[in-house]
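*Asks:* Following this message is one structure expressed as structure tokens.
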Amino acid sequence: MPNVNPYNLWSTELNKMKRICILICLLLAAGLVRGDQDPLKVNSNTIALKLENPRVRVLEATLKPGDKENTHSHPAYVIYVIAGGKFRNHAVDGTVTDGEFKTGDVIYRGPVTHWAENTGDTTIRLVLVELKN
């Protein structure tokens with residue numbers, strides 16, 4: 001009969017459990033980063049639903065100076081700028097970009113998971129038209 005050290009067995013099982021826990025944490029983190037967060041739910045204080053049907057969802061976003069959104073996702077969408085201002089966009093990959101919306105601009109954007117903040121001194125108002133399949 002081979003000489004088996006009970007400590008080695010325990011250590012091996014403990015290492016397996018640690019690996020499983022780490023894997024579960026990584027999978028959970030990946031799910032959060034992937035970002036299925038609905039902007040209407042996670043940013044209910046800055047976003048209002050204006051219209052929804054099988055083809056589009058129309059949202060109005062109002063960001064006062066200093067407002068910061070929570071991370072959320074959009075399918076492909078169009079932005080109409082009611083009132084412009086300076087903003088900072090934070091992508092989930094860590095990329096940060098500064099920009100300025102100009103009143104009257106119309107912008108198309110592909111699907112994205114991000115959060116943004118108003119870095120200017122004016123209230124930004126946007127209409128977002130999210131495209132559905």
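Residue names in the structure tokens use chain letters A, B, ... in the order shown, residue numbers from 1 in each chain, and ligand numbers from 1 in the order shown.
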Name all residues at most 7 Å from A:Thr97 (count only C-alpha atoms; drop same-chain ones fewer than 4 positions away) and give them as a list in words.

*Replies:*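 Using only C-alpha atoms, the neighbours found are Arg88, Asn89 and His90 of chain A.
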
*Asks:* Need the shell around stretch 58-72 of chain A: protein/DNA/RNA residues with any atom at most 8 Å away, counting only C-alpha atoms. Skip same-chain ones fewer than 4 positions apart. Format as a ChimeraX atom specification?

*Replies:* /A:35-40,42-43,46-52,113-130

*Asks:* Distance atom CA of A:Glu100-atom CA of A:Lys41, one decimal place?

*Replies:*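 Interatomic distance, atom CA of A:Glu100 to atom CA of A:Lys41: 25.2 Å.
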
*Asks:* Pick out each residue of stretch 34-81 of chain A that DSSP on the backbone tags as strand (DSSP E); I need them as a PDB file with N, CA and C atoms, in the first residue's frame.

*Replies:*
```
ATOM      1  N   ILE A  47     -32.469  59.078 -16.719  1.00  0.00           N
ATOM      2  CA  ILE A  47     -33.023  58.606 -17.994  1.00  0.00           C
ATOM      3  C   ILE A  47     -34.504  58.295 -17.845  1.00  0.00           C
ATOM      4  N   ALA A  48     -35.284  58.759 -18.823  1.00  0.00           N
ATOM      5  CA  ALA A  48     -36.730  58.519 -18.817  1.00  0.00           C
ATOM      6  C   ALA A  48     -37.143  57.858 -20.132  1.00  0.00           C
ATOM      7  N   LEU A  49     -38.071  56.927 -20.040  1.00  0.00           N
ATOM      8  CA  LEU A  49     -38.618  56.263 -21.225  1.00  0.00           C
ATOM      9  C   LEU A  49     -39.648  57.174 -21.872  1.00  0.00           C
ATOM     10  N   LYS A  50     -39.502  57.412 -23.177  1.00  0.00           N
ATOM     11  CA  LYS A  50     -40.448  58.251 -23.907  1.00  0.00           C
ATOM     12  C   LYS A  50     -41.359  57.422 -24.808  1.00  0.00           C
ATOM     13  N   LEU A  51     -40.818  56.316 -25.363  1.00  0.00           N
ATOM     14  CA  LEU A  51     -41.584  55.468 -26.281  1.00  0.00           C
ATOM     15  C   LEU A  51     -40.885  54.133 -26.396  1.00  0.00           C
ATOM     16  N   GLU A  52     -41.680  53.067 -26.484  1.00  0.00           N
ATOM     17  CA  GLU A  52     -41.105  51.755 -26.775  1.00  0.00           C
ATOM     18  C   GLU A  52     -42.102  50.975 -27.604  1.00  0.00           C
ATOM     19  N   VAL A  56     -38.145  50.185 -31.838  1.00  0.00           N
ATOM     20  CA  VAL A  56     -37.237  51.140 -31.189  1.00  0.00           C
ATOM     21  C   VAL A  56     -37.615  51.338 -29.725  1.00  0.00           C
ATOM     22  N   ARG A  57     -36.653  51.870 -28.970  1.00  0.00           N
ATOM     23  CA  ARG A  57     -36.927  52.374 -27.626  1.00  0.00           C
ATOM     24  C   ARG A  57     -36.326  53.773 -27.586  1.00  0.00           C
ATOM     25  N   VAL A  58     -37.133  54.742 -27.187  1.00  0.00           N
ATOM     26  CA  VAL A  58     -36.700  56.133 -27.154  1.00  0.00           C
ATOM     27  C   VAL A  58     -36.568  56.565 -25.698  1.00  0.00           C
ATOM     28  N   LEU A  59     -35.383  57.057 -25.364  1.00  0.00           N
ATOM     29  CA  LEU A  59     -35.079  57.505 -24.007  1.00  0.00           C
ATOM     30  C   LEU A  59     -34.692  58.972 -24.041  1.00  0.00           C
ATOM     31  N   GLU A  60     -34.969  59.674 -22.947  1.00  0.00           N
ATOM     32  CA  GLU A  60     -34.453  61.029 -22.787  1.00  0.00           C
ATOM     33  C   GLU A  60     -33.513  61.034 -21.599  1.00  0.00           C
ATOM     34  N   ALA A  61     -32.298  61.499 -21.840  1.00  0.00           N
ATOM     35  CA  ALA A  61     -31.287  61.576 -20.787  1.00  0.00           C
ATOM     36  C   ALA A  61     -31.056  63.029 -20.414  1.00  0.00           C
ATOM     37  N   THR A  62     -31.024  63.292 -19.118  1.00  0.00           N
ATOM     38  CA  THR A  62     -30.728  64.626 -18.600  1.00  0.00           C
ATOM     39  C   THR A  62     -29.603  64.491 -17.581  1.00  0.00           C
ATOM     40  N   LEU A  63     -28.461  65.063 -17.918  1.00  0.00           N
ATOM     41  CA  LEU A  63     -27.283  65.008 -17.042  1.00  0.00           C
ATOM     42  C   LEU A  63     -26.918  66.422 -16.612  1.00  0.00           C
ATOM     43  N   HIS A  72     -23.825  50.895 -18.032  1.00  0.00           N
ATOM     44  CA  HIS A  72     -25.012  50.376 -18.714  1.00  0.00           C
ATOM     45  C   HIS A  72     -24.664  50.048 -20.164  1.00  0.00           C
ATOM     46  N   SER A  73     -25.604  49.394 -20.843  1.00  0.00           N
ATOM     47  CA  SER A  73     -25.386  48.970 -22.228  1.00  0.00           C
ATOM     48  C   SER A  73     -26.472  49.520 -23.134  1.00  0.00           C
ATOM     49  N   HIS A  74     -26.074  49.767 -24.381  1.00  0.00           N
ATOM     50  CA  HIS A  74     -27.024  50.152 -25.424  1.00  0.00           C
ATOM     51  C   HIS A  74     -26.826  49.217 -26.611  1.00  0.00           C
ATOM     52  N   TYR A  77     -27.626  52.663 -31.585  1.00  0.00           N
ATOM     53  CA  TYR A  77     -28.570  53.731 -31.254  1.00  0.00           C
ATOM     54  C   TYR A  77     -28.184  55.044 -31.923  1.00  0.00           C
ATOM     55  N   VAL A  78     -29.155  55.953 -31.941  1.00  0.00           N
ATOM     56  CA  VAL A  78     -28.974  57.294 -32.483  1.00  0.00           C
ATOM     57  C   VAL A  78     -29.213  58.283 -31.351  1.00  0.00           C
ATOM     58  N   ILE A  79     -28.358  59.305 -31.277  1.00  0.00           N
ATOM     59  CA  ILE A  79     -28.492  60.365 -30.277  1.00  0.00           C
ATOM     60  C   ILE A  79     -28.895  61.652 -30.988  1.00  0.00           C
ATOM     61  N   TYR A  80     -29.920  62.331 -30.469  1.00  0.00           N
ATOM     62  CA  TYR A  80     -30.232  63.694 -30.885  1.00  0.00           C
ATOM     63  C   TYR A  80     -29.956  64.587 -29.680  1.00  0.00           C
ATOM     64  N   VAL A  81     -29.131  65.609 -29.865  1.00  0.00           N
ATOM     65  CA  VAL A  81     -28.726  66.474 -28.772  1.00  0.00           C
ATOM     66  C   VAL A  81     -29.693  67.653 -28.663  1.00  0.00           C
TER      67      VAL A  81
END
```
